[in-house]
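Working notes, structure below.
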Number of protein chains: 4
Amino acid sequence: MFHQFRSDYIELADKRILDALNKYSLEQNIPYGFDYHSDNAAKYILKTFGSVNGKVYFLEGGTQTNLVFISYCLRHYEGVIAADTGHINVHESAAIEGSGYKILTVKNRNGKIYPEQIEPLLKNNSDVHTVKPRMIYISNSTEIGTIYNKKELEDLYRFAKENDLYLFIDGARLGSALTSEENDLEKTDLGNLCDAFYVGGTKNGLLFGEALVINNPELQKDFANHIKNKGAMLAKGYALGIQFEEAFKDGLYFELAGHANEMANLIKDGLLELNLNLGNSPTNQIFAKCDKEMANELIDVFGLEKWIEEEDGITVRIVTSFATKKEDVDELLNYIKKLMK
Amino acid sequence: MFHQFRSDYIELADKRILDALNKYSLEQNIPYGFDYHSDNAAKYILKTFGSVNGKVYFLEGGTQTNLVFISYCLRHYEGVIAADTGHINVHESAAIEGSGYKILTVKNRNGKIYPEQIEPLLKNNSDVHTVKPRMIYISNSTEIGTIYNKKELEDLYRFAKENDLYLFIDGARLGSALTSEENDLEKTDLGNLCDAFYVGGTKNGLLFGEALVINNPELQKDFANHIKNKGAMLAKGYALGIQFEEAFKDGLYFELAGHANEMANLIKDGLLELNLNLGNSPTNQIFAKCDKEMANELIDVFGLEKWIEEEDGITVRIVTSFATKKEDVDELLNYIKKLMK
Amino acid sequence: MFHQFRSDYIELADKRILDALNKYSLEQNIPYGFDYHSDNAAKYILKTFGSVNGKVYFLEGGTQTNLVFISYCLRHYEGVIAADTGHINVHESAAIEGSGYKILTVKNRNGKIYPEQIEPLLKNNSDVHTVKPRMIYISNSTEIGTIYNKKELEDLYRFAKENDLYLFIDGARLGSALTSEENDLEKTDLGNLCDAFYVGGTKNGLLFGEALVINNPELQKDFANHIKNKGAMLAKGYALGIQFEEAFKDGLYFELAGHANEMANLIKDGLLELNLNLGNSPTNQIFAKCDKEMANELIDVFGLEKWIEEEDGITVRIVTSFATKKEDVDELLNYIKKLMK
Amino acid sequence: MFHQFRSDYIELADKRILDALNKYSLEQNIPYGFDYHSDNAAKYILKTFGSVNGKVYFLEGGTQTNLVFISYCLRHYEGVIAADTGHINVHESAAIEGSGYKILTVKNRNGKIYPEQIEPLLKNNSDVHTVKPRMIYISNSTEIGTIYNKKELEDLYRFAKENDLYLFIDGARLGSALTSEENDLEKTDLGNLCDAFYVGGTKNGLLFGEALVINNPELQKDFANHIKNKGAMLAKGYALGIQFEEAFKDGLYFELAGHANEMANLIKDGLLELNLNLGNSPTNQIFAKCDKEMANELIDVFGLEKWIEEEDGITVRIVTSFATKKEDVDELLNYIKKLMK
């Protein structure tokens, strides 16, 4: 069977993550996240991202993290602004609305949103009958692999603060964003240019787990109670602490993400040589438009996701991960070359 | 430091569980629980428990499983009946009410509840102003370590069916119940004497995870959508599948639970020799009443939970796990002996 | 002060409605809607609309009725499809999402939606990550005064049934729709071409109150319990029963709506003579585009709502009601004539 | 047919309330509660109850008011403390839990609760797994007709403030409490000894409506948005404003309540003469224990509620209202006298 490029969460975990879990397999730890591994991991993360007053909460998955944090911040008459392509809007089975909160969508520009698009929403939502915007949700990297540059993030955060909005960054693929060749954000910008963000483990070589960093102290009170109330508190919280400790104690997290990006770059280079039309993602997701026959074969053989189907072709998504090897890339490119002959 | 007896989820996982995870660390699997490990695990579990029409859903923790399942079964004007000591009533930070459902409590008898206690609730709740009882929730083993015998379970299930109620069994410690010396349930009774139950992994040597078995086909429709909506669907669902496959393919689950019970029995025997007053738990939780000074020392040294504080003493909880060793038991008993001299 | 044309709920109630309330002011009635007035009213309504298996539930307001009914029909992973202009989407302060349900919007065509627009939503929402469409919500008359003709309603209902969707009609202004000159629906179509609809009282001369008619028997079970659970059950339910009994016992409801339409027609005729640009509403809401100065003066003097502001003018909304008199219309038209000279 | 003593909301409204509605039947008013009648009513109410920084919000019913206010004040991991007999706990079809909040019950003492009963709840609920108490809910008069005296209310409010709890008074029958012969509260105590309370109209001669007074300014922000979000904002808000304006402009509210109490006192005197066993309610609800045969006849003939059924008799509830007349009382007492011969 060929190596699959379906997504970055189809392999369990990097060996070093599993080794850490093995190492502590019988160590006795305080449950519910109050253990020293979680403490260590939190310290590493806060330092890495320059979050001076932040607190870190470990959760199990991305949709869960979005649900738990957004439901904490909003009242039921308030809404969260997101790109129409935002994960919370399209791929979470109404988890946000299911917990009682409206999403106000803005047409994405290359996966991203901008203050001038949000401004009209604020004007149109100013009486008791309309939902009150209270938060901006963005993803970095976005759902289509693009990334926010520093100016874009600064503009959004300034706009948010001027308009009494929270800015929350979904970082399910934050590693890939920050290790992208095109990235101009400092890691410490994350601790200073938003109210909260999360550091995705699931899509970057951990067995599971997301580290939510709440920079804004106003949003930390009783947050652990809220996690428990949503059924999202892991009894063996140290299983998350150990993994993030390992990932952040000396840079493994960025090493894994950088590797996935590197593999993606090799694929992009190969596809461009073949004159395929690519989306402009500088991260580990590649969007390639192919004729239908070829697309369907690649979907079958490499487990690709069909992204957009149009009259004149299908855009497929190719995703690399911490586990993608150079020979997997070669195999994929050779296969495509043969198809195109 | 002394071995701690605080709870059965303070050690990460049994070696064989971790070995299985290691074995498949780089295998590529379909995400969200649609992988072959999850399929295998489900088959083993359905067979073990004799659930002919059942389906298995893997979740991350006990509170989450309770929240996800109860919120699926009830409408907001319906309620779930539980013992006042029930986990959902006292230790889940209002997760059930937080998702919109009232708990109707019944005074526990030795941790358990009986049809004749539930009957009055049905009579008092029969108009539009009162909540409509719709489900009975029990735990086996219970929060105080006791277990339901076959007749008790049969009576409850018959009563439930006669009164259009669902019967749901919280099996966070199901392994300990079924391997108890006093147990007279067949494993296959679980598949036939309730609408749903779950098989706890977290408290029985797995890294994390609970296997929810829905026997009643009426309660299976779109259940995966509901899991996702509650933020409870693990992306790497195969991380749960691999663990439960290992636990159920040849009896490891019950081996681990049986070991914990065996260690608990040694402790009980030792404490009874010392003439301590014990609760009548036949499982891996031991409740011992001590004078206050001794209780407080044991709490400090062995991490015990203070269960009940009374004028004439403190009841402490001692819990054994898959990882408790004979020498840990000896150490504890010797320490207590010395204290009592 | 000039007569105001702000909306159709700025006058308390028609005299005959208040007379009925006065008549029964000291009569003793069974509370919570179980009284004979409510029974009578329900019978009149079911007969009027040809709902053979229907049940009628009286509620206090439109947003409340939408919230109570939609929350009854959907599960939290299911969604309701509505026009982007739908009342539930824009003017209910997120009441639907607040109670846990996502709205999937479709771009309105003249205030209305069509099966071919809904079809793509069904295709794109077919796995566990996307919300499952389960209901179509339309308003008749719509938020911009247009109405569904018989063929449109038949098509929608057939499509709904073919796709396992409920069709729900918001009839806050149903009277105005059914008495419009352009209407080709029979009243009895309401009882047969949707799963449920409501008959708006608030916007048609009642003190308050909406009559929800649930045609589909599958959606009636325990509905009163659900109403109570949402805090929407009026203790003196007979206050609603008396009003709807009066409104439906011999056609007052349609008389009042017809009057409002007649007054609106006079205004439309007058405005067209003045060559103003009107929306194509055949009901009691008139949308007129004026130059900005004139629009702002009319807003000030007649309490009109500013509907759309564009570069080249402002569209204002003029609404007539049961209480609008011929001389009020003349006053308005004369005022506008003077402005335009 | 005999006059019914079933409850105080089985007659529509006092004539003066209806006259006020008639008077303004065609007056044009700003909708949604932003009209001058609502303003006037709010001023009268704030003055009457001495609420210096308070705001008044008009709602349609008691359960709705409890739901809307409690859901505003609490987070989902917080709970509201109430007597086991509290209306929110037993007669609201789980409206509070349905909106996501746990009720923590305390055994009532004569319908009331006391700080020393609440204290243990605070101690037992102090970690992330237990619900966090945040509000005390009491009713005055209580569900069994008793009333809080000044010292009791002061003690509760002081305790609440010392423990960071809100104190909320359900005043569905506040008029009856304040006009009771045994009452020692000043009206202005309501504005100063709780965070919020409501003034019940439904059970005191209004067509419908409750006036929620929020004394605590921290609980007022965006409250109108919240009302709308819960589907509880009446479009014709002035229908509530007009009624409360009439009720409070010169004391009608207390006149009506005082009359009901007076009639109740006549009944109580009569029943005591007959040596019947009465509950100690000093308000308009009377609880009388009768032998079963007599109880059942009174239930049939006078529409009484069966309150408690015991081996040796049945306690029935007799309720007077603004509409009860001296001759109705005589008729009842004579009927009972005959039965007892």
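Naming scheme: A, B, ... for chains in displayed order of the structure tokens; residues 1 onward per chain; ligands 1 onward as shown.
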What are the nearest atom pairs, with distances in Å to one decimal, for all residues of chain D that come at most 7 Å from chain B, using only C-alpha atoms, set out by chain and rising residue number as a tab-separated table?
residue	atom	partner	partner_atom	distance
D:His76	CA	B:Gly98	CA	5.1
D:Tyr77	CA	B:Ser93	CA	5.7
D:Val90	CA	B:Thr130	CA	6.0
D:His91	CA	B:His129	CA	4.7
D:Glu92	CA	B:His129	CA	5.1
D:Ser93	CA	B:Thr130	CA	4.3
D:Ala94	CA	B:Val131	CA	5.6
D:Glu97	CA	B:Glu97	CA	5.1
D:Gly98	CA	B:Gly100	CA	4.0
D:Ser99	CA	B:Gly100	CA	5.5
D:Gly100	CA	B:Gly98	CA	4.0
D:Tyr101	CA	B:Glu97	CA	5.4
D:Lys102	CA	B:Glu97	CA	5.3
D:Val128	CA	B:Ser93	CA	6.5
D:His129	CA	B:Ser93	CA	4.6
D:Thr130	CA	B:Ser93	CA	4.3
D:Val131	CA	B:Ser93	CA	4.5
Which of region 17-189 of chain C fall in helix (DSSP H, G or I), as a ChimeraX atom specification: /C:17-23,36-49,62-73,87-90,95-98,115-124,150-162,174-178,187-189
Per-residue DSSP, region 203-283 of chain A, filtered to strand (DSSP E), as a short mmCIF file (atom, residue, chain, number, x, y, z; two decimals) with N, CA, C and O atoms, in the first residue's frame:
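Saved the output as out25.cif:
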data_model
loop_
_atom_site.label_atom_id
_atom_site.label_comp_id
_atom_site.auth_asym_id
_atom_site.auth_seq_id
_atom_site.Cartn_x
_atom_site.Cartn_y
_atom_site.Cartn_z
N GLU A 210 -4.14 19.44 22.92
CA GLU A 210 -3.97 20.82 22.50
C GLU A 210 -3.68 21.64 23.77
O GLU A 210 -4.28 21.39 24.80
N ALA A 211 -2.77 22.57 23.66
CA ALA A 211 -2.43 23.43 24.81
C ALA A 211 -3.05 24.80 24.58
O ALA A 211 -2.61 25.55 23.72
N LEU A 212 -4.08 25.09 25.35
CA LEU A 212 -4.74 26.39 25.25
C LEU A 212 -4.01 27.39 26.13
O LEU A 212 -3.87 27.16 27.34
N VAL A 213 -3.56 28.48 25.55
CA VAL A 213 -2.87 29.53 26.31
C VAL A 213 -3.80 30.73 26.39
O VAL A 213 -4.16 31.32 25.37
N ILE A 214 -4.21 31.07 27.59
CA ILE A 214 -5.07 32.24 27.78
C ILE A 214 -4.18 33.38 28.27
O ILE A 214 -3.77 33.41 29.43
N ASN A 277 -1.40 23.44 -11.08
CA ASN A 277 -1.89 24.67 -10.46
C ASN A 277 -2.03 24.47 -8.96
O ASN A 277 -2.85 23.66 -8.51
N LEU A 278 -1.27 25.22 -8.15
CA LEU A 278 -1.31 25.02 -6.70
C LEU A 278 -1.92 26.22 -5.98
O LEU A 278 -1.75 27.35 -6.41
#
Which residues come within 7 Å of region 250-260 of chain D, counting only C-alpha atoms, excluding same-chain residues fewer than 3 positions away, as a PDB file with all heavy atoms, in the first residue's frame?
ATOM      1  N   GLY D 175     -46.948  40.642  46.742  1.00  0.00           N
ATOM      2  CA  GLY D 175     -48.020  41.497  47.269  1.00  0.00           C
ATOM      3  C   GLY D 175     -48.651  40.875  48.496  1.00  0.00           C
ATOM      4  O   GLY D 175     -48.841  41.539  49.528  1.00  0.00           O
ATOM      5  N   SER D 176     -48.931  39.608  48.409  1.00  0.00           N
ATOM      6  CA  SER D 176     -49.558  38.919  49.525  1.00  0.00           C
ATOM      7  C   SER D 176     -48.640  38.907  50.743  1.00  0.00           C
ATOM      8  O   SER D 176     -49.101  39.082  51.878  1.00  0.00           O
ATOM      9  CB  SER D 176     -49.919  37.493  49.106  1.00  0.00           C
ATOM     10  OG  SER D 176     -50.680  36.863  50.098  1.00  0.00           O
ATOM     11  N   THR D 179     -48.485  42.523  52.401  1.00  0.00           N
ATOM     12  CA  THR D 179     -49.723  43.009  53.019  1.00  0.00           C
ATOM     13  C   THR D 179     -50.237  42.050  54.084  1.00  0.00           C
ATOM     14  O   THR D 179     -51.333  42.235  54.612  1.00  0.00           O
ATOM     15  CB  THR D 179     -50.817  43.214  51.948  1.00  0.00           C
ATOM     16  OG1 THR D 179     -51.048  41.976  51.267  1.00  0.00           O
ATOM     17  CG2 THR D 179     -50.428  44.276  50.942  1.00  0.00           C
ATOM     18  N   ASN D 204     -51.698  38.479  41.015  1.00  0.00           N
ATOM     19  CA  ASN D 204     -52.264  39.581  41.796  1.00  0.00           C
ATOM     20  C   ASN D 204     -53.069  40.542  40.921  1.00  0.00           C
ATOM     21  O   ASN D 204     -52.901  41.753  41.004  1.00  0.00           O
ATOM     22  CB  ASN D 204     -51.145  40.319  42.545  1.00  0.00           C
ATOM     23  CG  ASN D 204     -51.693  41.252  43.609  1.00  0.00           C
ATOM     24  OD1 ASN D 204     -52.741  40.983  44.207  1.00  0.00           O
ATOM     25  ND2 ASN D 204     -51.004  42.360  43.830  1.00  0.00           N
ATOM     26  N   GLY D 205     -53.907  39.979  40.066  1.00  0.00           N
ATOM     27  CA  GLY D 205     -54.909  40.805  39.403  1.00  0.00           C
ATOM     28  C   GLY D 205     -54.512  41.422  38.083  1.00  0.00           C
ATOM     29  O   GLY D 205     -55.308  42.148  37.475  1.00  0.00           O
ATOM     30  N   ALA D 247     -51.072  49.635  38.266  1.00  0.00           N
ATOM     31  CA  ALA D 247     -51.001  48.923  39.544  1.00  0.00           C
ATOM     32  C   ALA D 247     -50.203  49.689  40.592  1.00  0.00           C
ATOM     33  O   ALA D 247     -50.449  49.547  41.791  1.00  0.00           O
ATOM     34  CB  ALA D 247     -50.397  47.538  39.332  1.00  0.00           C
ATOM     35  N   MET D 263     -59.667  38.115  52.614  1.00  0.00           N
ATOM     36  CA  MET D 263     -60.583  37.007  52.361  1.00  0.00           C
ATOM     37  C   MET D 263     -60.015  35.707  52.937  1.00  0.00           C
ATOM     38  O   MET D 263     -60.741  34.894  53.518  1.00  0.00           O
ATOM     39  CB  MET D 263     -60.812  36.847  50.841  1.00  0.00           C
ATOM     40  CG  MET D 263     -61.567  37.980  50.170  1.00  0.00           C
ATOM     41  SD  MET D 263     -63.244  38.261  50.839  1.00  0.00           S
ATOM     42  CE  MET D 263     -62.976  39.792  51.770  1.00  0.00           C
ATOM     43  N   ALA D 264     -58.706  35.552  52.796  1.00  0.00           N
ATOM     44  CA  ALA D 264     -58.067  34.340  53.337  1.00  0.00           C
ATOM     45  C   ALA D 264     -58.196  34.298  54.856  1.00  0.00           C
ATOM     46  O   ALA D 264     -58.434  33.237  55.444  1.00  0.00           O
ATOM     47  CB  ALA D 264     -56.596  34.296  52.917  1.00  0.00           C
ATOM     48  N   ASN D 284     -52.303  34.456  51.323  1.00  0.00           N
ATOM     49  CA  ASN D 284     -53.556  34.077  50.646  1.00  0.00           C
ATOM     50  C   ASN D 284     -53.667  32.613  50.254  1.00  0.00           C
ATOM     51  O   ASN D 284     -54.547  32.255  49.493  1.00  0.00           O
ATOM     52  CB  ASN D 284     -53.777  34.967  49.412  1.00  0.00           C
ATOM     53  CG  ASN D 284     -52.805  34.612  48.290  1.00  0.00           C
ATOM     54  OD1 ASN D 284     -51.647  34.316  48.556  1.00  0.00           O
ATOM     55  ND2 ASN D 284     -53.277  34.640  47.054  1.00  0.00           N
ATOM     56  N   THR D 320     -57.163  32.357  47.776  1.00  0.00           N
ATOM     57  CA  THR D 320     -58.021  33.514  47.478  1.00  0.00           C
ATOM     58  C   THR D 320     -57.296  34.428  46.504  1.00  0.00           C
ATOM     59  O   THR D 320     -56.086  34.347  46.332  1.00  0.00           O
ATOM     60  CB  THR D 320     -58.349  34.300  48.758  1.00  0.00           C
ATOM     61  OG1 THR D 320     -57.093  34.737  49.326  1.00  0.00           O
ATOM     62  CG2 THR D 320     -59.109  33.455  49.752  1.00  0.00           C
ATOM     63  N   SER D 321     -58.064  35.318  45.883  1.00  0.00           N
ATOM     64  CA  SER D 321     -57.461  36.223  44.907  1.00  0.00           C
ATOM     65  C   SER D 321     -58.095  37.603  45.006  1.00  0.00           C
ATOM     66  O   SER D 321     -58.995  37.837  45.825  1.00  0.00           O
ATOM     67  CB  SER D 321     -57.657  35.668  43.496  1.00  0.00           C
ATOM     68  OG  SER D 321     -58.956  35.976  43.024  1.00  0.00           O
ATOM     69  N   PHE D 322     -57.629  38.492  44.137  1.00  0.00           N
ATOM     70  CA  PHE D 322     -58.222  39.833  44.042  1.00  0.00           C
ATOM     71  C   PHE D 322     -59.718  39.752  43.767  1.00  0.00           C
ATOM     72  O   PHE D 322     -60.464  40.689  44.055  1.00  0.00           O
ATOM     73  CB  PHE D 322     -57.540  40.622  42.921  1.00  0.00           C
ATOM     74  CG  PHE D 322     -57.944  40.159  41.540  1.00  0.00           C
ATOM     75  CD1 PHE D 322     -58.951  40.812  40.835  1.00  0.00           C
ATOM     76  CD2 PHE D 322     -57.342  39.050  40.954  1.00  0.00           C
ATOM     77  CE1 PHE D 322     -59.341  40.369  39.572  1.00  0.00           C
ATOM     78  CE2 PHE D 322     -57.725  38.608  39.700  1.00  0.00           C
ATOM     79  CZ  PHE D 322     -58.727  39.262  39.007  1.00  0.00           C
ATOM     80  N   THR D 324     -61.886  37.285  44.775  1.00  0.00           N
ATOM     81  CA  THR D 324     -62.700  36.550  45.742  1.00  0.00           C
ATOM     82  C   THR D 324     -63.612  37.524  46.498  1.00  0.00           C
ATOM     83  O   THR D 324     -63.159  38.564  46.962  1.00  0.00           O
ATOM     84  CB  THR D 324     -61.786  35.837  46.761  1.00  0.00           C
ATOM     85  OG1 THR D 324     -60.794  35.097  46.059  1.00  0.00           O
ATOM     86  CG2 THR D 324     -62.595  34.908  47.646  1.00  0.00           C
TER      87      THR D 324
END
When you look at Phe287 (chain D) with a cut-off of 12 Å (counting only C-alpha atoms), what residues show up, excluding the ones that are within fewer than 5 positions of it in the same chain? I need them as an MDAnalysis selection string. chainID D and resid 5:6 143:146 264 267:268 271:272 276:282 295 304:308 314:320
Selected residue, from B:Ala83, B:Met135, B:Ala232, B:Leu206, that lies nearest to Glu246 (chain B) when counting only C-alpha atoms: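 Using only C-alpha atoms, Glu246 (chain B) sits closest to B:Leu206.
Residues within 10 Å of region 156-164 of chain D, counting only C-alpha atoms and excluding same-chain residues fewer than 2 positions away, are Ile113, Tyr114, Pro115, Glu116, Ile118, Glu119, Leu122, Pro133, Arg134, Met135, Ile136, Ile138, Lys150, Lys151, Glu152, Leu153, Glu154, Tyr166, Leu167, Phe168, Asn192, Leu193, Cys194 and Asp195 of chain D.
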Selected residues, C-alpha atoms, written as an mmCIF file, in the first residue's frame, please.
data_model
loop_
_atom_site.group_PDB
_atom_site.id
_atom_site.type_symbol
_atom_site.label_atom_id
_atom_site.label_comp_id
_atom_site.auth_asym_id
_atom_site.auth_seq_id
_atom_site.Cartn_x
_atom_site.Cartn_y
_atom_site.Cartn_z
ATOM 1 C CA ILE D 113 -34.104 28.472 54.204
ATOM 2 C CA TYR D 114 -31.415 29.848 56.528
ATOM 3 C CA PRO D 115 -27.699 30.656 56.336
ATOM 4 C CA GLU D 116 -26.675 27.816 58.618
ATOM 5 C CA ILE D 118 -26.373 26.886 53.227
ATOM 6 C CA GLU D 119 -22.981 26.988 54.872
ATOM 7 C CA LEU D 122 -20.225 26.026 50.399
ATOM 8 C CA PRO D 133 -22.764 27.841 44.603
ATOM 9 C CA ARG D 134 -23.360 31.356 43.306
ATOM 10 C CA MET D 135 -26.915 32.367 44.104
ATOM 11 C CA ILE D 136 -29.542 31.940 46.789
ATOM 12 C CA ILE D 138 -36.008 32.297 47.927
ATOM 13 C CA LYS D 150 -36.924 41.279 58.363
ATOM 14 C CA LYS D 151 -34.283 39.596 60.468
ATOM 15 C CA GLU D 152 -34.370 36.460 58.345
ATOM 16 C CA LEU D 153 -33.956 38.477 55.177
ATOM 17 C CA GLU D 154 -31.150 40.585 56.640
ATOM 18 C CA TYR D 166 -26.382 36.657 44.840
ATOM 19 C CA LEU D 167 -29.701 36.776 46.672
ATOM 20 C CA PHE D 168 -32.728 36.612 44.397
ATOM 21 C CA ASN D 192 -31.915 47.039 49.693
ATOM 22 C CA LEU D 193 -31.770 43.490 51.000
ATOM 23 C CA CYS D 194 -31.298 41.493 47.829
ATOM 24 C CA ASP D 195 -29.595 41.641 44.449
#
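Counting only C-alpha atoms, region 180-188 of chain C has the following residues at most 6 Å away, ignoring those fewer than 5 positions along the same chain: C:Phe49, C:Gly50, C:Asn149, C:Lys150, C:Thr283.
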Nearby residues (only C-alpha atoms) at most 6 Å from Gly200 (chain B), same-chain spacing under 6 positions excluded, as a CSV table (one decimal) with all heavy atoms, in the first residue's frame:
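What ended up in around-v4.csv:
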chain,number,residue,atom,x,y,z
B,171,GLY,N,-19.9,2.4,34.0
B,171,GLY,CA,-19.0,1.3,34.3
B,171,GLY,C,-17.5,1.8,34.4
B,171,GLY,O,-16.6,1.1,34.0
B,172,ALA,N,-17.4,3.0,34.9
B,172,ALA,CA,-16.0,3.5,35.1
B,172,ALA,C,-15.1,2.5,35.8
B,172,ALA,O,-13.9,2.3,35.5
B,172,ALA,CB,-16.0,4.8,35.9
B,173,ARG,N,-15.8,1.8,36.7
B,173,ARG,CA,-15.1,0.7,37.5
B,173,ARG,C,-15.8,-0.7,37.2
B,173,ARG,O,-15.9,-1.5,38.1
B,173,ARG,CB,-15.0,1.0,39.0
B,173,ARG,CG,-14.0,2.2,39.3
B,173,ARG,CD,-13.7,2.3,40.7
B,173,ARG,NE,-12.7,3.3,41.0
B,173,ARG,CZ,-13.1,4.6,41.4
B,173,ARG,NH1,-14.3,4.9,41.5
B,173,ARG,NH2,-12.1,5.5,41.6
B,210,GLU,N,-12.9,5.4,27.5
B,210,GLU,CA,-14.1,4.6,27.9
B,210,GLU,C,-14.8,4.1,26.7
B,210,GLU,O,-14.9,4.8,25.7
B,210,GLU,CB,-15.1,5.5,28.7
B,210,GLU,CG,-14.4,6.5,29.6
B,210,GLU,CD,-13.7,5.9,30.8
B,210,GLU,OE1,-14.3,5.2,31.6
B,210,GLU,OE2,-12.5,6.2,31.0
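You will find CA of Val80 (chain A) at 22.1 Å from CA of Gly231 (chain A).
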Using only C-alpha atoms, pick whichever of D:Leu266, D:Leu12, D:Leu59, D:Leu219 has the shortest atom-to-atom distance to Leu234 (chain D). D:Leu59
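Of the listed residues (D:Ala323, D:Ala177, D:Cys73, D:Met340), D:Ala323 comes nearest to Gln4 (chain D); the distances count only C-alpha atoms.
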